[in-house]
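Peer 1: Can you keep this structure in mind? I'll have questions shortly.
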There are 2 protein chains.
Amino acid sequence: MGMDAAIGRFEELLGADAVLTAPGDLLDFRDPFWIPGDDTYAPSAVVLPSSVEEVQGVVRIANELGVPLWTTSQGRNNGYGGGSPRLGGSVTVSLRRMNQVLEVNGELAYAVVEPGVSWFDLYDAIRAGEHDLMLSVPDLGWGSVVGNSLDNGMTYLPYGTDFMAPCGMEVVLANGEVLRTGMGAMPDNKAWHLYKRGLGPVLDPFFVQSNYGIVTRMGVWLMRKPAAYAPLLLTAPRDSDLEAVVDTLRELRLERTIEGVPILFNTLIAAAMAEGGASFQADVGPMPDEQIQAMAEAIGVGRWAVRCAVWGLEGVVEARLQRIREAWGRIPGSAVIHERTYGRDEHESIEVTPDKIQAGIPNLDIIKNFDDIGHVGFSPVVALTGRDVREAVDFLRDLIEREAKANFLAGIIIGNERSCVIVTGTSFHVSDEEQVRRVYDTMQTLVRESGRRGYGEYRAHLDFMDLAADQYSFNDHAYRRFCETIKDAVDPNGILSPGRHGIWPEGMRHERVADAALSD
Amino acid sequence: MGMDAAIGRFEELLGADAVLTAPGDLLDFRDPFWIPGDDTYAPSAVVLPSSVEEVQGVVRIANELGVPLWTTSQGRNNGYGGGSPRLGGSVTVSLRRMNQVLEVNGELAYAVVEPGVSWFDLYDAIRAGEHDLMLSVPDLGWGSVVGNSLDNGMTYLPYGTDFMAPCGMEVVLANGEVLRTGMGAMPDNKAWHLYKRGLGPVLDPFFVQSNYGIVTRMGVWLMRKPAAYAPLLLTAPRDSDLEAVVDTLRELRLERTIEGVPILFNTLIAAAMAEGGASFQADVGPMPDEQIQAMAEAIGVGRWAVRCAVWGLEGVVEARLQRIREAWGRIPGSAVIHERTYGRDEHESIEVTPDKIQAGIPNLDIIKNFDDIGHVGFSPVVALTGRDVREAVDFLRDLIEREAKANFLAGIIIGNERSCVIVTGTSFHVSDEEQVRRVYDTMQTLVRESGRRGYGEYRAHLDFMDLAADQYSFNDHAYRRFCETIKDAVDPNGILSPGRHGIWPEGMRHERVADAALSD
């Protein structure tokens with residue numbers, strides 16, 4: 001593929017300091033949780049463009065020389081492959097240097113960012129402008145706003161529901177041209193970042209989890225800071241409360257008493273988040289049920305604990321709290337923990353991690369004691385009924401305990417009012433190669449067995465991305481075949497992120513790892 | 001194109017009663033507001049498949065014989081071309097016979113419908129099942145739920161915001177194959193109509209306002225009936241209140257005190273909706289400002305009137321009403337008209353049209369006295385600030401009064417908290433050919449002049465669809481070229497709705513009506 005020639009051309013375009021090839025320099029752009037020393041998902045180089053024009057130049061060189069690129073923004077994406085490319089030897093296009101907050105509009109409550117802008121960066125820009133605005137953030141603040149959005153990363157304020165925050169994109173296409181989506185396709189249209197469609201097919205969601213273009217600019221909707229903000233922890237004492245917990249949450253979400261994106265933790269993940277790198281994550285397990293019950297009682301989080309919040313007018317928050325207490329109170333032994341309500345001007349005083357996250361204050365608290373503990377995520381979407389969640393949880397717990405000999409840690413993210421994503425997977429010591437390999441092997445089984453039961457991942461780790469995509473096999477993979485027909489048309493040389501979420505360009509489909517079970 | 005052969009094949013497939021060719025039979029599928037006797041947008045035949053398999057068969061025949069199809073569901077779409085095809089002589093695929101409500105799920109609050117299901121049909125199915133659910137409906141209940149959604153039709157309950165109701169589609173592609181979107185791409189996945197994405201690129205919005213496939217099934221989210229529902233009319237007495245009206249509404253929407261989709265009427269449209277086919281719509285105009293002011297005072301709607309509502313817990317509705325009164329009260333001479341709050345079991349007693357619409361009860365009230373009055377819609381998206389809306393309204397009113405010699409009727413739909421669609425256009429007597437032609441001519445000017453100012457349409461009438469799409473010209477029409485590259489790949493024979501929203505297949509691009517002004 002003329003990699004040496006390509007490196008030379010990239011250096012000519014970007015300057016030598018923006019092209020990294022030394023193995024040590026590349027480590028920071030690789031999956032920190034992959035098997036150390038294993039180069040399956042290693043890039044051959046990293047290029048660091050600083051502008052849209054430079055991204056266009058990189059794409060044009062790649063097209064000319066047939067070099068596969070892999071785009072990352074900040075390159076976090078922990079648990080799903082970090083910044084590593086799906087196709088080993090790709091040139092990683094890191095957008096970290098495109099880190100400008102282009103606009104924060106206080107009147108219309110939105111921001112416009114480049115892909116290198118992290119949650120910390122955008123939060124700082126909002127504060128610096130003294131805007132009365134809140135940003136819906138994920139659990140960790142170091143990632144890119146654009147990158148997280150394009151991987152369907154979860155955030156927890158109301159605009160996190162159904163991933164509503166992004167609006168209006170600028171995209172460099174495979175041919176090096178710049179396209180603007182929605183109203184941005186019209187010159188000087190002020191509604192680019194205000195209205196989610198344009199005239200004709202809607203493309204924003206089409207560029208999410210895809211390899212059809214490189215997003216170089218995106219609008220992000222922000223929330224007006226409310227008069228009152230009440231973070232809550234709702235607990236239930238018994239494992240068998242799960243059905244009632246889920247059904248109660250669904251009704252509160254459907255009636256919009258609870259907004260945003262609540263997360264339902266089992267005891268072990270609640271403890272791990274509270275205590276950081278607790279040993280039972282990667283060393284001890286599976287733990288007997290009685291021991292988990294004892295831990296639940298000792299820590300006071302119950303067997304199921306919901307992190308959620310209420311935002312709004314004071315009267316609205318009061319009415320909702322009353323309703324939540326009434327509905328939750330029907331679960332015997334349950335508790336509604338409401339430490340305090342924050343006024344509009346009291347966010348500066350927030351110190352507790354869950355309160356920060358639901359106030360849109362980015363942080364890195366929950367990984368502060370993780371040391372060498374890594375994890376791989378497995379995150380199927382499940383219908384939001386007590387029955388469905390119970391069935392999925394039992395299946396996932398049994399399989400993880402049996403195959404990975406590990407504890408079942410679950411954060412069930414209520415991403416909308418009708419479905420949830422059960423974020424589980426397994427933790428391990430990154431330095432323990434045998435353990436790491438065993439975990440990734442187990443994941444293959446998990447993906448396959450889940451697929452058989454109709455559970456599909458919302459986002460997949462590189463190592464089983466093809467397998468996860470394979471499960472979406474309706475009508476002989478009609479979805480994938482349609483996406484690949486489009487891929488071949490808009491990226492005929494197959495240079496943009498080949499293999500991302502199972503979509504390969506023509507001529508590289510032999511790279512796909514087929515699901516032997518499905519093709520039987 | 002072998003039309004005779006095609007008709008024969010369609011009859012063989014569907015039976016003779018499902019293939020219409022007699023001119024009289026076709027009238028019901030044409031734009032009722034187009035120039036009578038003018039066949040520019042006339043189909044050559046209408047086929048009426050009753051199943052997905054029959055749609056697949058129709059598409060396969062069309063592919064084989066090179067016959068252009070045009071898909072409609074109920075074929076309403078009044079003001080934007082009705083059921084007429086963009087390309088005269090196309091065979092219209094009417095999906096009216098696919099009219100099954102496939103599911104109403106009370107627990108998870110959604111329905112699944114075929115494309116021939118009207119708002120009336122779905123409402124009836126919800127009532128028949130005694131479900132505690134509300135449907136977000138448009139102003140007229142006779143259209144198709146699927147068809148309206150695929151044209152970006154506005155509805156007014158909370159799920160109308162940013163067109164949030166649809167979730168999960170089944171689509172017949174141009175090659176006759178069936179694709180399921182999102183989680184539906186996985187066999188037996190229960191989250192198809194519960195979660196808006198899948199793994200990989202998101203396709204639901206991609207099939208909206210496009211010609212990439214024929215949607216044969218769609219999920220529709222429904223709202224749990226709230227404890228309290230308070231429909232409101234907010235009025236402001238002077239034309240010069242517009243800025244304050246818009247800025248107040250935006251803040252109430254941003255803080256989520258007002259939810260759903262409010263609509264802001266000027267006096268004339270408020271009067272026209274209240275009184276049906278009032279003569280000043282099509283006969284008198286432009287009316288002097290003093291006369292409009294007098295009418296505003298006589299009818300009691302003010303110069304600007306907002307139809308909106310509050311839904312929720314009783315305490316929530318109370319707190320919000322208080323906040324609305326306080327915010328709106330800052331506009332001198334304004335009024336908050338709140339006749340009553342409906343409890344959960346009181347919807348049966350609703351009699352007033354705006355209260356019905358915001359309770360999700362479909363009706364045809366507002367056109368009951370329209371007689372031969374037709375209209376053509378012109379609907380640009382505008383930023384939701386007082387300044388921006390004032391500027392757009394002044395420009396649109398002046399142009400419509402000057403060029404069309406007509407009154408300016410505006411329904412400003414607050415489709416989300418940051419932008420609005422100013423639905424205007426012009427009314428006329430359908431039987432007055434000269435008037436109709438003058439109106440359509442004016443529309444061309446309106447599209448062009450709006451485009452120069454950065455106002456783009458959210459939905460365009462057939463007669464100026466190309467012109468409207470032409471305004472989205474950023475980077476030498478990069479958006480359109482990208483969409484057409486995809487069109488050629490997924491529909492190589494160009495049989496599906498050629499020309500829809502400006503997207504033409506290769507070999508038919510000569511049909512495009514170019515914007516002379518832009519190509520200068």
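Convention: chains lettered A, B, ... in structure tokens order; per-chain residue numbering from 1; ligands numbered from 1 as shown.
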Which residues are near range 490-501 of chain A? Cut-off 6 Å, only C-alpha atoms, ignore same chain within fewer than 4 positions. Put them as a list in words.
Peer 2: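 Non-adjacent residues within range: Pro68, Leu69, Trp70, Ala174, Asn211, Met465 and Pro505 of chain A; Gly200 of chain B.
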Peer 1: Keeping only all heavy atoms, take the residues you just selected and write them out as a compact mmCIF listing (two decimals), in the first residue's frame.
Peer 2:
# COMPACT_ATOMS: atom_id res chain seq x y z
N PRO A 68 -5.40 2.78 4.07
CA PRO A 68 -6.57 2.80 4.96
C PRO A 68 -6.34 3.70 6.17
O PRO A 68 -5.30 3.63 6.81
CB PRO A 68 -6.72 1.34 5.39
CG PRO A 68 -5.39 0.71 5.17
CD PRO A 68 -4.70 1.48 4.07
N LEU A 69 -7.33 4.56 6.44
CA LEU A 69 -7.27 5.47 7.58
C LEU A 69 -8.21 4.97 8.67
O LEU A 69 -9.16 4.24 8.40
CB LEU A 69 -7.71 6.88 7.15
CG LEU A 69 -6.96 7.52 5.98
CD1 LEU A 69 -7.61 8.86 5.60
CD2 LEU A 69 -5.48 7.73 6.33
N TRP A 70 -7.96 5.41 9.88
CA TRP A 70 -8.88 5.13 11.00
C TRP A 70 -9.01 6.43 11.77
O TRP A 70 -8.01 6.98 12.22
CB TRP A 70 -8.34 4.03 11.90
CG TRP A 70 -9.25 3.70 13.05
CD1 TRP A 70 -9.16 4.16 14.34
CD2 TRP A 70 -10.40 2.85 13.02
NE1 TRP A 70 -10.17 3.65 15.10
CE2 TRP A 70 -10.95 2.84 14.33
CE3 TRP A 70 -11.03 2.10 12.02
CZ2 TRP A 70 -12.09 2.11 14.65
CZ3 TRP A 70 -12.16 1.36 12.36
CH2 TRP A 70 -12.69 1.36 13.65
N ALA A 174 -14.97 10.91 1.62
CA ALA A 174 -13.83 10.10 1.20
C ALA A 174 -13.10 10.71 0.01
O ALA A 174 -11.92 10.50 -0.18
CB ALA A 174 -14.30 8.69 0.86
N ASN A 211 -18.61 4.72 8.63
CA ASN A 211 -17.33 5.07 8.04
C ASN A 211 -17.54 5.76 6.69
O ASN A 211 -16.85 5.50 5.73
CB ASN A 211 -16.41 3.85 7.93
CG ASN A 211 -17.12 2.66 7.28
OD1 ASN A 211 -18.13 2.82 6.62
ND2 ASN A 211 -16.55 1.48 7.45
N MET A 465 -16.33 -6.89 16.80
CA MET A 465 -17.19 -5.98 16.04
C MET A 465 -17.89 -6.72 14.89
O MET A 465 -19.09 -6.58 14.69
CB MET A 465 -16.30 -4.88 15.47
CG MET A 465 -16.95 -3.54 15.36
SD MET A 465 -15.68 -2.28 14.98
CE MET A 465 -15.94 -1.12 16.32
N PRO A 505 -15.28 -2.16 3.04
CA PRO A 505 -15.37 -1.82 1.61
C PRO A 505 -15.10 -3.05 0.74
O PRO A 505 -14.51 -4.02 1.21
CB PRO A 505 -14.26 -0.78 1.45
CG PRO A 505 -13.27 -1.08 2.53
CD PRO A 505 -14.04 -1.69 3.67
N GLY B 200 -24.06 0.37 13.93
CA GLY B 200 -23.68 0.88 12.62
C GLY B 200 -24.53 2.10 12.24
O GLY B 200 -25.23 2.65 13.10
Peer 1: Using only C-alpha atoms, determine which residues of chain A fall within 6 Å of chain B; present them as a PyMOL selection string.
Peer 2: chain A and resi 108+179+185-189+191+194+199-202+205-206+208-210+224+255+315-316+319+383+418-419+454+458+472-474+478-479+486+501
Peer 1: As a PyMOL selection string, please: all residues of range 125-320 of chain B that backbone DSSP puts in helix (DSSP H, G or I).
Peer 2: chain B and resi 125-128+145-150+158-163+182-185+204-207+239-254+267-275+279-281+289-299+314-320
Peer 1: Quick one, how far is CA of Asp124 in chain B from CA of Val215 in chain B?
Peer 2: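 These atoms are spaced 22.3 Å apart.
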Peer 1: So that I can check the surroundings of Ala244 in chain A, please list as an mmCIF file with C-alpha atoms, in the first residue's frame every protein, DNA and RNA residue that reaches within 9 Å of it, counting only C-alpha atoms and ignoring chain neighbours fewer than 4 positions away.
Peer 2:
data_model
loop_
_atom_site.group_PDB
_atom_site.id
_atom_site.type_symbol
_atom_site.label_atom_id
_atom_site.label_comp_id
_atom_site.auth_asym_id
_atom_site.auth_seq_id
_atom_site.Cartn_x
_atom_site.Cartn_y
_atom_site.Cartn_z
ATOM 1 C CA SER A 240 -35.793 -10.047 43.434
ATOM 2 C CA THR A 248 -41.535 1.592 38.301
ATOM 3 C CA LEU A 249 -38.728 3.396 36.515
ATOM 4 C CA ARG A 330 -44.404 0.648 46.945
ATOM 5 C CA ILE A 331 -41.220 -1.455 46.825
ATOM 6 C CA GLY A 386 -39.222 -6.027 34.476
#
Peer 1: In Å to one decimal, how far is CA of Asn78 in chain B from CA of Ser149 in chain B?
Peer 2: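 Computing the Euclidean distance for CA of Ser149 in chain B and CA of Asn78 in chain B yields 14.0 Å.
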Peer 1: Would you work out the distance separating CA of Val310 in chain A from CA of His338 in chain A, expressed in Å to one decimal?
Peer 2: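 Spanning CA of Val310 in chain A to CA of His338 in chain A is a straight-line distance of 10.6 Å.
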Peer 1: What parts of range 221-275 of chain A does DSSP call strand (DSSP E or B)? I'd like the answer as a PyMOL selection string.
Peer 2: chain A and resi 221+223-224+228-236+263-266
Peer 1: Go ahead and save the picked residues with N, CA and C atoms, as a PDB file, in the first residue's frame.
Peer 2:
ATOM      1  N   TRP A 221     -26.361  20.664  21.614  1.00  0.00           N
ATOM      2  CA  TRP A 221     -27.385  21.392  22.355  1.00  0.00           C
ATOM      3  C   TRP A 221     -27.088  21.400  23.855  1.00  0.00           C
ATOM      4  N   MET A 223     -28.411  22.719  27.885  1.00  0.00           N
ATOM      5  CA  MET A 223     -29.653  22.887  28.642  1.00  0.00           C
ATOM      6  C   MET A 223     -29.571  24.149  29.495  1.00  0.00           C
ATOM      7  N   ARG A 224     -30.654  24.900  29.502  1.00  0.00           N
ATOM      8  CA  ARG A 224     -30.731  26.058  30.383  1.00  0.00           C
ATOM      9  C   ARG A 224     -30.656  25.574  31.832  1.00  0.00           C
ATOM     10  N   ALA A 228     -34.151  24.573  39.966  1.00  0.00           N
ATOM     11  CA  ALA A 228     -33.889  23.537  40.968  1.00  0.00           C
ATOM     12  C   ALA A 228     -33.370  22.270  40.304  1.00  0.00           C
ATOM     13  N   TYR A 229     -32.396  21.649  40.967  1.00  0.00           N
ATOM     14  CA  TYR A 229     -31.798  20.392  40.486  1.00  0.00           C
ATOM     15  C   TYR A 229     -31.661  19.467  41.678  1.00  0.00           C
ATOM     16  N   ALA A 230     -32.358  18.336  41.625  1.00  0.00           N
ATOM     17  CA  ALA A 230     -32.346  17.395  42.753  1.00  0.00           C
ATOM     18  C   ALA A 230     -31.817  16.042  42.302  1.00  0.00           C
ATOM     19  N   PRO A 231     -30.539  15.753  42.579  1.00  0.00           N
ATOM     20  CA  PRO A 231     -30.031  14.407  42.280  1.00  0.00           C
ATOM     21  C   PRO A 231     -30.550  13.409  43.306  1.00  0.00           C
ATOM     22  N   LEU A 232     -30.794  12.195  42.854  1.00  0.00           N
ATOM     23  CA  LEU A 232     -31.406  11.186  43.717  1.00  0.00           C
ATOM     24  C   LEU A 232     -30.669   9.861  43.620  1.00  0.00           C
ATOM     25  N   LEU A 233     -30.767   9.085  44.699  1.00  0.00           N
ATOM     26  CA  LEU A 233     -30.389   7.677  44.630  1.00  0.00           C
ATOM     27  C   LEU A 233     -31.590   6.881  45.137  1.00  0.00           C
ATOM     28  N   LEU A 234     -32.099   6.012  44.280  1.00  0.00           N
ATOM     29  CA  LEU A 234     -33.231   5.167  44.659  1.00  0.00           C
ATOM     30  C   LEU A 234     -32.702   3.750  44.856  1.00  0.00           C
ATOM     31  N   THR A 235     -32.951   3.173  46.016  1.00  0.00           N
ATOM     32  CA  THR A 235     -32.414   1.831  46.260  1.00  0.00           C
ATOM     33  C   THR A 235     -33.518   0.814  46.517  1.00  0.00           C
ATOM     34  N   ALA A 236     -33.181  -0.431  46.234  1.00  0.00           N
ATOM     35  CA  ALA A 236     -34.098  -1.546  46.519  1.00  0.00           C
ATOM     36  C   ALA A 236     -33.268  -2.653  47.148  1.00  0.00           C
ATOM     37  N   ILE A 263     -29.401   5.626  35.634  1.00  0.00           N
ATOM     38  CA  ILE A 263     -28.604   4.401  35.505  1.00  0.00           C
ATOM     39  C   ILE A 263     -28.836   3.538  36.734  1.00  0.00           C
ATOM     40  N   LEU A 264     -29.065   2.276  36.460  1.00  0.00           N
ATOM     41  CA  LEU A 264     -29.414   1.312  37.503  1.00  0.00           C
ATOM     42  C   LEU A 264     -28.216   0.394  37.713  1.00  0.00           C
ATOM     43  N   PHE A 265     -27.617   0.487  38.908  1.00  0.00           N
ATOM     44  CA  PHE A 265     -26.419  -0.306  39.205  1.00  0.00           C
ATOM     45  C   PHE A 265     -26.783  -1.549  40.020  1.00  0.00           C
ATOM     46  N   ASN A 266     -26.101  -2.650  39.755  1.00  0.00           N
ATOM     47  CA  ASN A 266     -26.191  -3.716  40.755  1.00  0.00           C
ATOM     48  C   ASN A 266     -25.169  -3.408  41.860  1.00  0.00           C
TER      49      ASN A 266
END
Peer 1: Using only C-alpha atoms, which residues sit within 12 Å of Thr445 in chain B once same-chain residues fewer than 6 positions away are excluded, as a PyMOL selection string?
Peer 2: chain B and resi 378+396+399-400+402-404+425+438-439+451-452+464+467-468+515-517
